[in-house]
Amino acid sequence: MHRTTPQWQAADAAHFLHPFTDFQGLARKGARIITRAEGIYLWDSDGHRLLDAMSGLWCVNVGYGQQALVDAATRQMQQLPFYNAFFQTATPPAIELAELLAEVTPPQFQHVFFAGSGSEGNDTVVRMVRRYWDLLGQPERQVLISRRNAYHGSTMAGASLGGMSGMHAQGGLPIPGIAHIEQPYFHAHGQGLTADEFGLVAARWLEDEILAIGPGKVAAFIGEPVQGAGGVIIPPATYWPEIQRICDKYGVLLVSDEVICGFGRTGRWFGCETFGFRPDLMTFAKGVTSGYVPLGGVMVGERVARVLIERGGEFNHGYTYSGHPVACAVALANLKLIRELRLVEHVHDDVGPYLAEQYAALRGHPLVGDAETCGLMGAILLLKDPAHRRPFAEELEIGMVCRGHCFREGLVMRAVGDRMIVAPPLVITRGQIDELMALVRRCLDLTLADAQRQGWLS
Ligand code: PXG
């Protein structure tokens with residue numbers, strides 16, 4: 001059905017409650033209606049083209065319009081659109097995907113538990129690590145430690161693991177048995193230290209917390225290799241190896257939430273490989289299907305899998321769509337395409353380093369406090385006085401000002417507080433990065449002009 005933009009907006013406001021949205025505010029403004037996409041570009045209902053530097057929502061790793069994924073979905077829908085994996089049954093795509101995931105993930109991972117999303121994957125993590133310790137006769141090991149400003153999803157367990165205070169303020173969260181330590185954000189917490197020193201200090205906050213709770217009560221630590229929704233917080237190189245050492249010392253399970261970092265985003269298949277640690281469990285979603293259909297899950301390392309399998313008994317947990325055949329068929333086509341197009345190598349050897357160079361060159365800009373990248377994730381910290389590291393007043397919402405310019409100029413770049421972040425599709429070329437950077441610079445200049453005009457820089 002063809003409708004005009006105002007018609008879409010009116011129907012949207014009348015019936016559709018959007019996630020993470022002030023409903024009244026959006027109804028007044030009208031939603032942006034996205035109608036089609038190709039490669040790294042989106043088009044809205046007015047025909048405006050946008051360069052999608054956020055890959056949808058950190059997920060469209062292979063870019064839009066990949067026929068191989070469409071064909072895989074069509075074929076599977078025709079042959080077997082659904083069957084479950086509950087009652088001692090399985091479908092070929094789920095089995096083949098489990099096999100392929102075991103191949104592309106680090107060697108400790110030979111088993112997978114499927115879910116429908118990253119949030120569900122993290123609910124599975126909570127259930128699974130507690131079950132693991134129960135089976136080992138240590139049921140008092142219940143607590144999962146996470147970090148402030150982490151994002152692990154929006155279900156009760158996902159939002160509890162996450163460290164977003166706005167989310168904890170609604171709905172009686174966190175659930176019991178979740179603790180949070182400070183995030184490894186150098187700009188906020190690293191004053192007076194080198195980055196490497198700060199990485200060790202930040203990791204040792206985990207040891208302090210384990211000791212405060214009592215090592216016999218701690219089940220697991222969970223973290224994103226690079227915090228995505230928190231603003232692309234890239235930890236110092238010393239951080240994760242020290243986290244690993246501490247987890248090993250106290251026998252605490254280490255969980256890497258790879259929902260954003262997985263499937264090539266950081267320039268290796270998984271973020272834990274980029275940062276040099278060896279998780280026991282790994283949550284995935286998003287890039288596993290490049291977002292074409294929903295799928296998530298947990299890679300289960302042999303340490304945990306052996307206990308779950310060998311000690312026996314039923315794991316009373318699962319979802320209708322655990323191992324959904326269409327989702328798994330699309331994931332298979334997606335992972336094969338990532339291999340065929342050598343996208344992980346493309347990020348690692350070519351466009352990742354190129355984006356890093358371009359970001360380094362932003363550092364002289366009068367609004368840019370930091371400009372950093374990891375693979376194809378980038379963050380720009382906007383400061384009113386970078387030389388003295390003075391921030392803008394929070395109520396100015398400088399990030400949102402910049403983001404407004406981005407949309408008008410045809411660029412999807414997100415604002416997380418004063419951090420402007422990108423995570424473009426992995427298929428992006430150098431030429432398209434040039435185009436992205438021209439837009440980024442233009443939007444920074446327009447934001448600077450606003451700040452000068454409004455007297456925000458004094
Ligand atoms: N873990 C991580 C690390 C994530 O980034 C989830 C779990 C949850 O996945 P699902 O599929 O349940 O949404 C995510 C999701 C943002 C934003 O504002 C990020 C996510 C979701 C929504 C918004 O950057 N990440």
# chains A, B, ... in the order shown; residues from 1 in each chain; ligands from 1
$ select_by_dssp --residues "region 255-378 of chain A" --states "strand (DSSP E or B)" --output "ChimeraX atom specification"
/A:255-257,281-284,296-301,368-374,377-378
$ residues_near_ligand --ligand "ligand 1" --cutoff "6 Å" --atoms "only C-alpha atoms and all ligand atoms" --output "number ranges by chain"
A: 117-119, 151-153, 224, 228-229, 257, 259-260, 285
$ write_last_selection --atoms "all heavy atoms" --output "compact mmCIF listing (two decimals), in the first residue's frame"
# COMPACT_ATOMS: atom_id res chain seq x y z
N SER A 117 17.31 -13.82 20.36
CA SER A 117 17.87 -12.46 20.41
C SER A 117 19.04 -12.45 21.38
O SER A 117 19.27 -13.43 22.10
CB SER A 117 16.80 -11.48 20.90
OG SER A 117 16.49 -11.77 22.26
N GLY A 118 19.72 -11.31 21.44
CA GLY A 118 20.81 -11.16 22.39
C GLY A 118 20.31 -11.16 23.83
O GLY A 118 20.94 -11.73 24.72
N SER A 119 19.18 -10.51 24.06
CA SER A 119 18.61 -10.48 25.41
C SER A 119 18.31 -11.89 25.90
O SER A 119 18.66 -12.27 27.02
CB SER A 119 17.31 -9.67 25.43
OG SER A 119 17.53 -8.34 25.04
N TYR A 151 25.66 -2.82 28.25
CA TYR A 151 24.34 -3.14 27.72
C TYR A 151 24.29 -4.63 27.40
O TYR A 151 25.10 -5.13 26.62
CB TYR A 151 24.00 -2.32 26.46
CG TYR A 151 22.55 -2.50 26.06
CD1 TYR A 151 21.56 -1.75 26.70
CD2 TYR A 151 22.16 -3.42 25.11
CE1 TYR A 151 20.21 -1.94 26.39
CE2 TYR A 151 20.81 -3.61 24.78
CZ TYR A 151 19.85 -2.87 25.42
OH TYR A 151 18.52 -3.04 25.12
N HIS A 152 23.34 -5.31 28.04
CA HIS A 152 23.19 -6.75 27.78
C HIS A 152 21.77 -7.12 27.42
O HIS A 152 21.39 -8.28 27.53
CB HIS A 152 23.67 -7.54 29.00
CG HIS A 152 25.14 -7.38 29.28
ND1 HIS A 152 26.13 -7.79 28.41
CD2 HIS A 152 25.80 -6.82 30.33
CE1 HIS A 152 27.33 -7.50 28.91
NE2 HIS A 152 27.15 -6.91 30.08
N GLY A 153 20.96 -6.12 27.02
CA GLY A 153 19.61 -6.44 26.57
C GLY A 153 18.55 -5.85 27.46
O GLY A 153 18.84 -5.11 28.40
N GLU A 224 31.11 -6.89 27.55
CA GLU A 224 31.28 -6.73 26.10
C GLU A 224 32.75 -6.41 25.87
O GLU A 224 33.29 -5.53 26.55
CB GLU A 224 30.45 -5.55 25.58
CG GLU A 224 28.97 -5.56 25.90
CD GLU A 224 28.40 -4.14 26.02
OE1 GLU A 224 28.11 -3.52 24.99
OE2 GLU A 224 28.24 -3.64 27.16
N GLY A 228 29.29 -1.36 23.32
CA GLY A 228 28.71 -0.73 22.14
C GLY A 228 27.72 0.36 22.50
O GLY A 228 28.01 1.55 22.35
N ALA A 229 26.54 -0.06 22.98
CA ALA A 229 25.48 0.90 23.30
C ALA A 229 25.95 1.92 24.33
O ALA A 229 25.45 3.04 24.38
CB ALA A 229 24.24 0.16 23.81
N ASP A 257 30.11 -11.01 25.99
CA ASP A 257 28.89 -10.69 25.25
C ASP A 257 29.32 -10.13 23.91
O ASP A 257 29.72 -8.98 23.78
CB ASP A 257 28.04 -9.69 26.03
CG ASP A 257 26.72 -9.41 25.31
OD1 ASP A 257 26.65 -9.62 24.09
OD2 ASP A 257 25.77 -8.96 25.98
N VAL A 259 27.47 -9.79 21.19
CA VAL A 259 26.30 -9.45 20.36
C VAL A 259 26.67 -8.38 19.33
O VAL A 259 26.24 -8.45 18.18
CB VAL A 259 25.11 -9.04 21.24
CG1 VAL A 259 24.00 -8.40 20.42
CG2 VAL A 259 24.56 -10.27 21.97
N ILE A 260 27.47 -7.41 19.73
CA ILE A 260 27.93 -6.39 18.78
C ILE A 260 29.30 -6.74 18.20
O ILE A 260 29.55 -6.60 17.00
CB ILE A 260 27.96 -5.00 19.46
CG1 ILE A 260 26.52 -4.45 19.56
CG2 ILE A 260 28.85 -4.02 18.68
CD1 ILE A 260 26.39 -3.11 20.25
N ALA A 285 24.26 -12.57 18.66
CA ALA A 285 22.97 -12.25 18.01
C ALA A 285 23.31 -11.42 16.77
O ALA A 285 24.33 -11.67 16.12
CB ALA A 285 22.02 -11.52 18.95
$ residues_around --residues "region 44-59 of chain A" --least-positions-apart "2" --cutoff "9 Å" --atoms "only C-alpha atoms" --output "number ranges by chain"
A: 3-5, 8, 32-37, 40-42, 61-64, 228, 259-261, 265, 285-292, 407, 409-414, 421-426, 435-436
$ atom_distance --atom1 "CA of Gly375 (chain A)" --atom2 "CA of Ala237 (chain A)"
14.1 Å
$ residues_around --residues "Gly65 (chain A)" --least-positions-apart "5" --cutoff "9 Å" --atoms "only C-alpha atoms" --output "mmCIF file with C-alpha atoms, in the first residue's frame"
data_model
loop_
_atom_site.group_PDB
_atom_site.id
_atom_site.type_symbol
_atom_site.label_atom_id
_atom_site.label_comp_id
_atom_site.auth_asym_id
_atom_site.auth_seq_id
_atom_site.Cartn_x
_atom_site.Cartn_y
_atom_site.Cartn_z
ATOM 1 C CA ALA A 37 18.008 -0.206 1.521
ATOM 2 C CA GLU A 38 20.908 -1.346 -0.632
ATOM 3 C CA GLY A 39 24.544 -1.899 0.317
ATOM 4 C CA VAL A 70 17.048 -13.883 0.685
#
$ decode --residues "region 199-240 of chain A" --atoms "N, CA and C atoms" --output "PDB file, in the first residue's frame"
ATOM      1  N   GLY A 199      44.088   0.296  32.551  1.00  0.00           N
ATOM      2  CA  GLY A 199      43.492  -1.009  32.221  1.00  0.00           C
ATOM      3  C   GLY A 199      43.641  -1.994  33.379  1.00  0.00           C
ATOM      4  N   LEU A 200      44.809  -1.994  34.007  1.00  0.00           N
ATOM      5  CA  LEU A 200      45.038  -2.906  35.143  1.00  0.00           C
ATOM      6  C   LEU A 200      44.215  -2.486  36.356  1.00  0.00           C
ATOM      7  N   VAL A 201      44.183  -1.174  36.599  1.00  0.00           N
ATOM      8  CA  VAL A 201      43.404  -0.666  37.730  1.00  0.00           C
ATOM      9  C   VAL A 201      41.936  -1.062  37.565  1.00  0.00           C
ATOM     10  N   ALA A 202      41.406  -0.831  36.347  1.00  0.00           N
ATOM     11  CA  ALA A 202      39.981  -1.095  36.105  1.00  0.00           C
ATOM     12  C   ALA A 202      39.673  -2.587  36.230  1.00  0.00           C
ATOM     13  N   ALA A 203      40.587  -3.431  35.751  1.00  0.00           N
ATOM     14  CA  ALA A 203      40.361  -4.879  35.860  1.00  0.00           C
ATOM     15  C   ALA A 203      40.370  -5.301  37.336  1.00  0.00           C
ATOM     16  N   ARG A 204      41.194  -4.647  38.127  1.00  0.00           N
ATOM     17  CA  ARG A 204      41.295  -5.054  39.541  1.00  0.00           C
ATOM     18  C   ARG A 204      40.063  -4.648  40.345  1.00  0.00           C
ATOM     19  N   TRP A 205      39.235  -3.773  39.787  1.00  0.00           N
ATOM     20  CA  TRP A 205      37.933  -3.529  40.434  1.00  0.00           C
ATOM     21  C   TRP A 205      37.130  -4.822  40.484  1.00  0.00           C
ATOM     22  N   LEU A 206      37.376  -5.709  39.508  1.00  0.00           N
ATOM     23  CA  LEU A 206      36.692  -7.006  39.527  1.00  0.00           C
ATOM     24  C   LEU A 206      37.193  -7.834  40.708  1.00  0.00           C
ATOM     25  N   GLU A 207      38.494  -7.830  40.916  1.00  0.00           N
ATOM     26  CA  GLU A 207      39.031  -8.621  42.031  1.00  0.00           C
ATOM     27  C   GLU A 207      38.480  -8.088  43.353  1.00  0.00           C
ATOM     28  N   ASP A 208      38.453  -6.751  43.494  1.00  0.00           N
ATOM     29  CA  ASP A 208      37.907  -6.155  44.720  1.00  0.00           C
ATOM     30  C   ASP A 208      36.467  -6.635  44.948  1.00  0.00           C
ATOM     31  N   GLU A 209      35.688  -6.652  43.878  1.00  0.00           N
ATOM     32  CA  GLU A 209      34.274  -7.025  44.015  1.00  0.00           C
ATOM     33  C   GLU A 209      34.141  -8.510  44.357  1.00  0.00           C
ATOM     34  N   ILE A 210      34.967  -9.345  43.710  1.00  0.00           N
ATOM     35  CA  ILE A 210      34.910 -10.787  44.018  1.00  0.00           C
ATOM     36  C   ILE A 210      35.228 -11.004  45.498  1.00  0.00           C
ATOM     37  N   LEU A 211      36.238 -10.287  45.985  1.00  0.00           N
ATOM     38  CA  LEU A 211      36.622 -10.457  47.389  1.00  0.00           C
ATOM     39  C   LEU A 211      35.546  -9.908  48.320  1.00  0.00           C
ATOM     40  N   ALA A 212      34.901  -8.800  47.920  1.00  0.00           N
ATOM     41  CA  ALA A 212      33.854  -8.212  48.759  1.00  0.00           C
ATOM     42  C   ALA A 212      32.644  -9.151  48.857  1.00  0.00           C
ATOM     43  N   ILE A 213      32.293  -9.798  47.751  1.00  0.00           N
ATOM     44  CA  ILE A 213      31.134 -10.695  47.742  1.00  0.00           C
ATOM     45  C   ILE A 213      31.498 -12.031  48.387  1.00  0.00           C
ATOM     46  N   GLY A 214      32.741 -12.429  48.201  1.00  0.00           N
ATOM     47  CA  GLY A 214      33.209 -13.755  48.623  1.00  0.00           C
ATOM     48  C   GLY A 214      33.337 -14.625  47.396  1.00  0.00           C
ATOM     49  N   PRO A 215      34.565 -15.078  47.090  1.00  0.00           N
ATOM     50  CA  PRO A 215      34.785 -15.844  45.852  1.00  0.00           C
ATOM     51  C   PRO A 215      33.859 -17.052  45.732  1.00  0.00           C
ATOM     52  N   GLY A 216      33.473 -17.637  46.820  1.00  0.00           N
ATOM     53  CA  GLY A 216      32.600 -18.819  46.785  1.00  0.00           C
ATOM     54  C   GLY A 216      31.175 -18.496  46.385  1.00  0.00           C
ATOM     55  N   LYS A 217      30.884 -17.210  46.222  1.00  0.00           N
ATOM     56  CA  LYS A 217      29.506 -16.843  45.838  1.00  0.00           C
ATOM     57  C   LYS A 217      29.413 -16.286  44.428  1.00  0.00           C
ATOM     58  N   VAL A 218      30.560 -16.167  43.765  1.00  0.00           N
ATOM     59  CA  VAL A 218      30.538 -15.524  42.448  1.00  0.00           C
ATOM     60  C   VAL A 218      30.513 -16.583  41.348  1.00  0.00           C
ATOM     61  N   ALA A 219      29.469 -16.501  40.497  1.00  0.00           N
ATOM     62  CA  ALA A 219      29.315 -17.481  39.417  1.00  0.00           C
ATOM     63  C   ALA A 219      30.101 -17.075  38.181  1.00  0.00           C
ATOM     64  N   ALA A 220      29.993 -15.802  37.796  1.00  0.00           N
ATOM     65  CA  ALA A 220      30.542 -15.403  36.498  1.00  0.00           C
ATOM     66  C   ALA A 220      30.750 -13.896  36.423  1.00  0.00           C
ATOM     67  N   PHE A 221      31.611 -13.528  35.502  1.00  0.00           N
ATOM     68  CA  PHE A 221      31.758 -12.120  35.109  1.00  0.00           C
ATOM     69  C   PHE A 221      31.351 -12.021  33.648  1.00  0.00           C
ATOM     70  N   ILE A 222      30.579 -10.975  33.313  1.00  0.00           N
ATOM     71  CA  ILE A 222      30.172 -10.777  31.915  1.00  0.00           C
ATOM     72  C   ILE A 222      30.551  -9.388  31.450  1.00  0.00           C
ATOM     73  N   GLY A 223      31.072  -9.310  30.220  1.00  0.00           N
ATOM     74  CA  GLY A 223      31.385  -7.998  29.652  1.00  0.00           C
ATOM     75  C   GLY A 223      31.363  -8.037  28.140  1.00  0.00           C
ATOM     76  N   GLU A 224      31.114  -6.886  27.546  1.00  0.00           N
ATOM     77  CA  GLU A 224      31.276  -6.729  26.100  1.00  0.00           C
ATOM     78  C   GLU A 224      32.750  -6.410  25.866  1.00  0.00           C
ATOM     79  N   PRO A 225      33.411  -7.058  24.906  1.00  0.00           N
ATOM     80  CA  PRO A 225      34.822  -6.725  24.639  1.00  0.00           C
ATOM     81  C   PRO A 225      35.008  -5.218  24.461  1.00  0.00           C
ATOM     82  N   VAL A 226      34.158  -4.609  23.609  1.00  0.00           N
ATOM     83  CA  VAL A 226      34.045  -3.151  23.513  1.00  0.00           C
ATOM     84  C   VAL A 226      32.587  -2.840  23.825  1.00  0.00           C
ATOM     85  N   GLN A 227      32.332  -1.940  24.777  1.00  0.00           N
ATOM     86  CA  GLN A 227      30.938  -1.592  25.074  1.00  0.00           C
ATOM     87  C   GLN A 227      30.369  -0.823  23.883  1.00  0.00           C
ATOM     88  N   GLY A 228      29.293  -1.359  23.315  1.00  0.00           N
ATOM     89  CA  GLY A 228      28.708  -0.731  22.139  1.00  0.00           C
ATOM     90  C   GLY A 228      27.722   0.355  22.498  1.00  0.00           C
ATOM     91  N   ALA A 229      26.537  -0.063  22.985  1.00  0.00           N
ATOM     92  CA  ALA A 229      25.477   0.898  23.304  1.00  0.00           C
ATOM     93  C   ALA A 229      25.946   1.923  24.335  1.00  0.00           C
ATOM     94  N   GLY A 230      26.924   1.549  25.149  1.00  0.00           N
ATOM     95  CA  GLY A 230      27.470   2.481  26.151  1.00  0.00           C
ATOM     96  C   GLY A 230      28.297   3.589  25.531  1.00  0.00           C
ATOM     97  N   GLY A 231      28.562   3.518  24.226  1.00  0.00           N
ATOM     98  CA  GLY A 231      29.269   4.612  23.566  1.00  0.00           C
ATOM     99  C   GLY A 231      30.597   4.215  22.931  1.00  0.00           C
ATOM    100  N   VAL A 232      30.721   2.952  22.534  1.00  0.00           N
ATOM    101  CA  VAL A 232      31.991   2.453  21.975  1.00  0.00           C
ATOM    102  C   VAL A 232      33.145   2.793  22.929  1.00  0.00           C
ATOM    103  N   ILE A 233      33.077   2.176  24.094  1.00  0.00           N
ATOM    104  CA  ILE A 233      34.133   2.334  25.097  1.00  0.00           C
ATOM    105  C   ILE A 233      35.156   1.231  24.831  1.00  0.00           C
ATOM    106  N   ILE A 234      36.329   1.628  24.328  1.00  0.00           N
ATOM    107  CA  ILE A 234      37.366   0.658  23.963  1.00  0.00           C
ATOM    108  C   ILE A 234      38.335   0.556  25.142  1.00  0.00           C
ATOM    109  N   PRO A 235      38.421  -0.616  25.766  1.00  0.00           N
ATOM    110  CA  PRO A 235      39.283  -0.699  26.954  1.00  0.00           C
ATOM    111  C   PRO A 235      40.759  -0.721  26.564  1.00  0.00           C
ATOM    112  N   PRO A 236      41.640  -0.298  27.467  1.00  0.00           N
ATOM    113  CA  PRO A 236      43.080  -0.414  27.194  1.00  0.00           C
ATOM    114  C   PRO A 236      43.467  -1.880  26.982  1.00  0.00           C
ATOM    115  N   ALA A 237      44.552  -2.089  26.239  1.00  0.00           N
ATOM    116  CA  ALA A 237      44.984  -3.452  25.887  1.00  0.00           C
ATOM    117  C   ALA A 237      45.245  -4.321  27.117  1.00  0.00           C
ATOM    118  N   THR A 238      45.578  -3.702  28.246  1.00  0.00           N
ATOM    119  CA  THR A 238      45.907  -4.480  29.449  1.00  0.00           C
ATOM    120  C   THR A 238      44.670  -5.001  30.178  1.00  0.00           C
ATOM    121  N   TYR A 239      43.499  -4.495  29.829  1.00  0.00           N
ATOM    122  CA  TYR A 239      42.292  -4.767  30.625  1.00  0.00           C
ATOM    123  C   TYR A 239      41.860  -6.229  30.579  1.00  0.00           C
ATOM    124  N   TRP A 240      41.585  -6.741  29.368  1.00  0.00           N
ATOM    125  CA  TRP A 240      40.993  -8.083  29.291  1.00  0.00           C
ATOM    126  C   TRP A 240      41.929  -9.203  29.755  1.00  0.00           C
TER     127      TRP A 240
END
